[in-house]
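Have a look at the structure below before the remarks.
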Amino acid sequence: MGRKSLMAAIAFGLAGLLLAGAWMALPDPAAWRTDDGYLIQEAYRLGPQVAAATFPGWKPGDVPILLTNGRANYLVNPWPGAPEGRRIPVDGLTVDRLDRLVVPVVANAAIPVNGRTVALVTGKEVLEQLLGGLVAELDMVGGGQAALIRGLLKEGSGRRITPEEYVTVILHESFHTYQIPVLLDWWERLGEDETGRELWRTVYVDPENNRLQNEEGQALREAVQAPDAAGVRSAARRFLQARDQRIAHWQTQLGTAKADLLMEWERMYEWQEGLACYIQAETYTVVRSGYHSLPKVARMPGYTGYQDGPETGRAYQINQISQPVESYAPRERTCRLGAGQALILDRLMPGWQERAATGEPLVEMLREAVEK
């Protein structure tokens with residue numbers, strides 16, 4: 001298998017969550033759950049509106065979804081040439097239960113299947129039961145995938161995943177499918193992926209690095225919440241100053257060439273995970289413009305109507321930007337800090353998404369926007 005196909009099949013799969021073993025104790029995890037069907041329909045209905053407001057080139061309504069429960073894979077929106085399966089009756093969706101497992105684990109990711117990139121999502125009930133005891137394979141290699149999902153879904157808060165949160169998770173993974181062509185080119189430019197893992201093992205355990213990243217997060221949150229453009233620019237400049245200090249720190253520690261390479265890996269991860277988390281945050285904004293959920297979704301336990309609160313919605317995600325980075329897994333840092341930069345670009349550079357879609361680093365666009 002070539003490097004590009006290997007990265008797409010394995011390394012990008014780690015951009016979500018790769019788990020094994022824990023589903024063994026679950027009751028009948030192979031069964032299709034009706035609520036999953038309604039939530040996938042909700043994502044398909046809402047996704048085009050989110051895309052129109054953010055990345056119009058992304059077509060979430062066309063993205064196949066591979067729903068896994070560990071012991072069974074269900075392909076939603078199959079295509080000619082997809083893995084063989086048996087059609088099952090699901091209202092409003094075309095669903096095949098695959099004859100053979102494509103993914104024999106519980107997972108959230110974006111992966112290639114028979115020539116198509118699909119959004120891989122774990123069934124809601126199964127994911128809820130696993131959140132308290134995730135068993136993550138290659139977790140250190142991937143920068144803390146289990147912790148990323150736990151953090152995004154607020155594991156430990158004593159709440160179940162709300163229907164709205166689950167819909168945003170589906171859209172998160174759907175957006176990753178849109179990113180893969182650019183990511184393949186980015187990986188090719190960066191070279192050996194073992195170098196990228198040094199970001200987690202070397203950079204993100206350094207106290208000075210973490211001190212400066214905490215300054216970055218605080219400045220980003222202040223910029224996102226600033227009342228006017230002048231306040232946004234002032235706080236964004238503080239973010240860039242802290243970022244430049246951190247780059248200089250690593251250039252002194254590792255030499256310019258090595259430090260610049262590691263910081264480019266970081267920019268890639270901020271683009272990859274940060275934009276997907278930005279999509280989750282913006283879903284709540286789009287819904288407030290007049291969207292009405294499917295009635296069967298609105299009647300699900302825990303439904304809040306896409307409202308912001310201490311533990312849900314766009315406001316929650318903004319508050320998380322400035323939380324101490326030491327309390328998060330490495331990839332979760334890039335998710336939150338990247339999303340913060342995207343939210344600032346919304347205020348300073350309308351239409352920035354067109355450039356971001358080609359892989360332009362968020363921080364470089366932010367430098368330009370601040371100086372305008």
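As shown in the structure tokens, the chain order sets the letters A, B, ...; within each chain, residues go from 1, and ligands are also counted from 1 in the order they appear.
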
Residues within 10 Å of Asn210 in chain A, only C-alpha atoms, excluding chain neighbours under 5 positions, as a PDB file with N, CA and C atoms, in the first residue's frame:
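Contents of selection19.pdb, freshly written:
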ATOM      1  N   VAL A 203       6.739  18.585  21.456  1.00  0.00           N
ATOM      2  CA  VAL A 203       6.275  19.960  21.584  1.00  0.00           C
ATOM      3  C   VAL A 203       5.209  20.098  22.658  1.00  0.00           C
ATOM      4  N   TYR A 204       4.216  19.203  22.653  1.00  0.00           N
ATOM      5  CA  TYR A 204       3.055  19.403  23.509  1.00  0.00           C
ATOM      6  C   TYR A 204       3.220  18.893  24.935  1.00  0.00           C
ATOM      7  N   VAL A 205       4.417  18.499  25.300  1.00  0.00           N
ATOM      8  CA  VAL A 205       4.692  18.174  26.702  1.00  0.00           C
ATOM      9  C   VAL A 205       5.638  19.186  27.324  1.00  0.00           C
ATOM     10  N   GLU A 215      -1.700  31.240  26.592  1.00  0.00           N
ATOM     11  CA  GLU A 215      -1.869  32.643  26.225  1.00  0.00           C
ATOM     12  C   GLU A 215      -2.594  32.763  24.886  1.00  0.00           C
ATOM     13  N   GLU A 216      -2.256  31.886  23.961  1.00  0.00           N
ATOM     14  CA  GLU A 216      -2.933  31.897  22.669  1.00  0.00           C
ATOM     15  C   GLU A 216      -4.431  31.677  22.845  1.00  0.00           C
ATOM     16  N   ARG A 246       6.269  31.336  20.653  1.00  0.00           N
ATOM     17  CA  ARG A 246       6.357  29.886  20.737  1.00  0.00           C
ATOM     18  C   ARG A 246       7.187  29.325  19.585  1.00  0.00           C
ATOM     19  N   PRO A 324      -7.205  25.549  30.034  1.00  0.00           N
ATOM     20  CA  PRO A 324      -5.782  25.171  30.042  1.00  0.00           C
ATOM     21  C   PRO A 324      -5.511  24.003  29.101  1.00  0.00           C
ATOM     22  N   VAL A 325      -4.513  24.174  28.226  1.00  0.00           N
ATOM     23  CA  VAL A 325      -4.254  23.146  27.219  1.00  0.00           C
ATOM     24  C   VAL A 325      -3.768  21.851  27.846  1.00  0.00           C
ATOM     25  N   GLU A 326      -3.177  21.921  29.037  1.00  0.00           N
ATOM     26  CA  GLU A 326      -2.694  20.697  29.683  1.00  0.00           C
ATOM     27  C   GLU A 326      -3.829  19.744  30.026  1.00  0.00           C
TER      28      GLU A 326
END

Enumerate, in order of chain and increasing residue number, the residues of range 168-266 of chain A with an atom no farther than 7 Å from range 361-372 of chain A, each with its shortest atom pair and distance in Å to one decimal, counting only C-alpha atoms, as a Markdown table.
| residue | atom | partner | partner_atom | distance |
| --- | --- | --- | --- | --- |
| A:Arg233 | CA | A:Val370 | CA | 5.5 |
| A:Ala236 | CA | A:Val370 | CA | 6.9 |
| A:Arg237 | CA | A:Val370 | CA | 6.9 |

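Between CA of Ala242 in chain A and CA of Ala339 in chain A the interatomic distance comes to 17.1 Å.
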
For range 252-255 of chain A, please output as an NGL selection string all residues within 12 Å (counting only C-alpha atoms; exclusion window: fewer than 5 positions along the same chain). :A and (198 or 202-203 or 206 or 208-209 or 245-247 or 260-263)

Atoms kept (all heavy atoms) for selection, written as a short mmCIF file (atom, residue, chain, number, x, y, z; two decimals), in the first residue's frame:
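This is the output file selection-v3.cif:
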data_model
loop_
_atom_site.label_atom_id
_atom_site.label_comp_id
_atom_site.auth_asym_id
_atom_site.auth_seq_id
_atom_site.Cartn_x
_atom_site.Cartn_y
_atom_site.Cartn_z
N GLU A 198 6.07 13.85 16.51
CA GLU A 198 6.89 14.59 17.48
C GLU A 198 6.14 15.79 18.04
O GLU A 198 6.47 16.28 19.12
CB GLU A 198 8.19 15.04 16.83
CG GLU A 198 9.14 13.90 16.49
CD GLU A 198 10.46 14.42 15.95
OE1 GLU A 198 10.99 15.40 16.51
OE2 GLU A 198 10.96 13.84 14.98
N THR A 202 6.95 15.69 21.76
CA THR A 202 7.99 16.65 22.13
C THR A 202 7.42 18.02 22.43
O THR A 202 7.57 18.56 23.53
CB THR A 202 9.04 16.76 21.01
OG1 THR A 202 9.61 15.47 20.77
CG2 THR A 202 10.15 17.73 21.37
N VAL A 203 6.74 18.59 21.46
CA VAL A 203 6.28 19.96 21.58
C VAL A 203 5.21 20.10 22.66
O VAL A 203 5.28 20.97 23.53
CB VAL A 203 5.76 20.47 20.23
CG1 VAL A 203 5.14 21.86 20.36
CG2 VAL A 203 6.89 20.49 19.20
N ASP A 206 6.03 20.20 26.58
CA ASP A 206 7.00 21.19 27.03
C ASP A 206 6.30 22.29 27.83
O ASP A 206 5.33 22.90 27.34
CB ASP A 206 7.72 21.79 25.83
CG ASP A 206 8.72 22.86 26.23
OD1 ASP A 206 9.80 22.49 26.72
OD2 ASP A 206 8.40 24.06 26.06
N GLU A 208 7.06 25.43 28.62
CA GLU A 208 7.04 26.76 28.00
C GLU A 208 6.10 26.79 26.80
O GLU A 208 5.37 27.77 26.59
CB GLU A 208 8.45 27.16 27.57
CG GLU A 208 8.55 28.51 26.88
CD GLU A 208 8.16 29.69 27.77
OE1 GLU A 208 7.90 29.49 28.98
OE2 GLU A 208 8.12 30.82 27.26
N ASN A 209 6.09 25.73 26.05
CA ASN A 209 5.14 25.63 24.94
C ASN A 209 3.71 25.74 25.46
O ASN A 209 2.89 26.49 24.91
CB ASN A 209 5.32 24.31 24.21
CG ASN A 209 4.33 24.13 23.07
OD1 ASN A 209 4.58 24.58 21.95
ND2 ASN A 209 3.21 23.48 23.33
N GLN A 245 6.23 33.91 19.67
CA GLN A 245 7.15 33.57 20.77
C GLN A 245 7.33 32.07 20.86
O GLN A 245 8.44 31.58 21.12
CB GLN A 245 6.61 34.12 22.09
CG GLN A 245 6.64 35.64 22.20
CD GLN A 245 6.03 36.11 23.51
OE1 GLN A 245 6.32 35.57 24.58
NE2 GLN A 245 5.17 37.11 23.43
N ARG A 246 6.27 31.34 20.65
CA ARG A 246 6.36 29.89 20.74
C ARG A 246 7.19 29.32 19.59
O ARG A 246 8.00 28.40 19.78
CB ARG A 246 4.94 29.29 20.73
CG ARG A 246 4.89 27.84 21.19
CD ARG A 246 3.50 27.48 21.69
NE ARG A 246 2.48 27.64 20.67
CZ ARG A 246 2.17 26.75 19.74
NH1 ARG A 246 2.83 25.59 19.72
NH2 ARG A 246 1.23 26.97 18.86
N ILE A 247 7.02 29.87 18.40
CA ILE A 247 7.85 29.45 17.27
C ILE A 247 9.31 29.73 17.54
O ILE A 247 10.19 28.89 17.30
CB ILE A 247 7.38 30.15 15.98
CG1 ILE A 247 5.99 29.65 15.58
CG2 ILE A 247 8.38 29.92 14.84
CD1 ILE A 247 5.35 30.43 14.45
N ASP A 260 10.36 24.70 12.24
CA ASP A 260 9.40 25.13 11.23
C ASP A 260 8.59 23.95 10.69
O ASP A 260 7.40 24.10 10.40
CB ASP A 260 10.13 25.85 10.09
CG ASP A 260 10.65 27.22 10.50
OD1 ASP A 260 10.30 27.68 11.61
OD2 ASP A 260 11.40 27.82 9.71
N LEU A 261 9.23 22.79 10.55
CA LEU A 261 8.52 21.61 10.08
C LEU A 261 7.45 21.19 11.08
O LEU A 261 6.29 20.90 10.71
CB LEU A 261 9.49 20.47 9.83
CG LEU A 261 8.88 19.13 9.37
CD1 LEU A 261 8.12 19.32 8.06
CD2 LEU A 261 9.95 18.07 9.23
N LEU A 262 7.80 21.17 12.37
CA LEU A 262 6.82 20.78 13.38
C LEU A 262 5.67 21.78 13.47
O LEU A 262 4.51 21.40 13.66
CB LEU A 262 7.51 20.63 14.74
CG LEU A 262 8.42 19.41 14.89
CD1 LEU A 262 9.10 19.43 16.24
CD2 LEU A 262 7.63 18.12 14.73
N MET A 263 5.98 23.07 13.32
CA MET A 263 4.92 24.07 13.36
C MET A 263 4.02 23.96 12.13
O MET A 263 2.83 24.29 12.19
CB MET A 263 5.52 25.47 13.46
CG MET A 263 6.20 25.76 14.79
SD MET A 263 5.10 25.67 16.24
CE MET A 263 5.54 24.04 16.89
#

Long-range neighbours of range 93-104 of chain A as number ranges by chain, 9 Å cut-off, only C-alpha atoms, 5 positions minimum in chain: A: 20, 32, 37, 40-41, 66, 68-78, 83-88, 113, 120

Residues at most 8 Å from Thr177 in chain A, counting only C-alpha atoms, excluding those fewer than 5 positions away in the same chain, as a compact mmCIF listing (two decimals) with N, CA, C and O atoms, in the first residue's frame?
# COMPACT_ATOMS: atom_id res chain seq x y z
N VAL A 63 -22.64 12.81 1.00
CA VAL A 63 -21.60 12.01 1.64
C VAL A 63 -22.20 10.71 2.17
O VAL A 63 -23.11 10.74 3.01
N ALA A 110 -13.12 9.60 9.04
CA ALA A 110 -13.42 9.70 7.62
C ALA A 110 -12.47 8.74 6.93
O ALA A 110 -11.26 8.83 7.11
N ILE A 111 -13.01 7.79 6.17
CA ILE A 111 -12.17 6.74 5.61
C ILE A 111 -12.55 6.46 4.16
O ILE A 111 -13.69 6.71 3.76
N THR A 117 -14.85 8.30 -0.29
CA THR A 117 -14.58 8.68 1.09
C THR A 117 -15.91 8.78 1.83
O THR A 117 -16.83 9.46 1.36
N VAL A 118 -16.00 8.10 2.96
CA VAL A 118 -17.25 8.06 3.71
C VAL A 118 -17.04 8.60 5.11
O VAL A 118 -15.93 8.60 5.64
N ALA A 119 -18.13 9.09 5.70
CA ALA A 119 -18.11 9.51 7.10
C ALA A 119 -18.44 8.30 7.96
O ALA A 119 -19.52 7.73 7.85

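The alpha helix (DSSP H) portion of range 272-317 of chain A consists of Leu275, Ala276, Cys277, Tyr278, Ile279, Gln280, Ala281, Glu282, Thr283, Tyr284, Thr285, Val286, Val287, Pro295, Lys296, Val297, Ala298, Gly313, Arg314, Ala315, Tyr316 and Gln317 of chain A, with states taken from DSSP on the backbone.
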
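Comparing the minimum interatomic distances between Met300 in chain A and each of A:Glu128, A:Asp36, A:Asp228, A:Asp185, counting only C-alpha atoms, we find that A:Asp36 sits nearest.
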
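Between CA of Tyr278 in chain A and CA of Ala298 in chain A the interatomic distance comes to 23.5 Å.
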
Please identify all polymer residues within 10 Å of range 310-319 of chain A, counting only C-alpha atoms, omitting same-chain residues fewer than 5 positions from it, and present them as number ranges by chain. A: 152-154, 157, 159, 161-162, 164-165, 168, 217-218, 220-222, 224-225, 277-285, 304-305, 336-337, 339-340, 343

Contacts of Ala52 in chain A at 12 Å (only C-alpha atoms; same-chain gap of 2+ positions) as a ChimeraX atom specification: /A:46-50,54-61,279,282-283,286,351,353-354

Counting only C-alpha atoms, the option among A:Ser234, A:His249, A:Lys258, A:Tyr269 closest to Leu348 in chain A: A:Ser234

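In this model, the gap between CA of Gly191 in chain A and CA of Leu212 in chain A comes to 27.1 Å.
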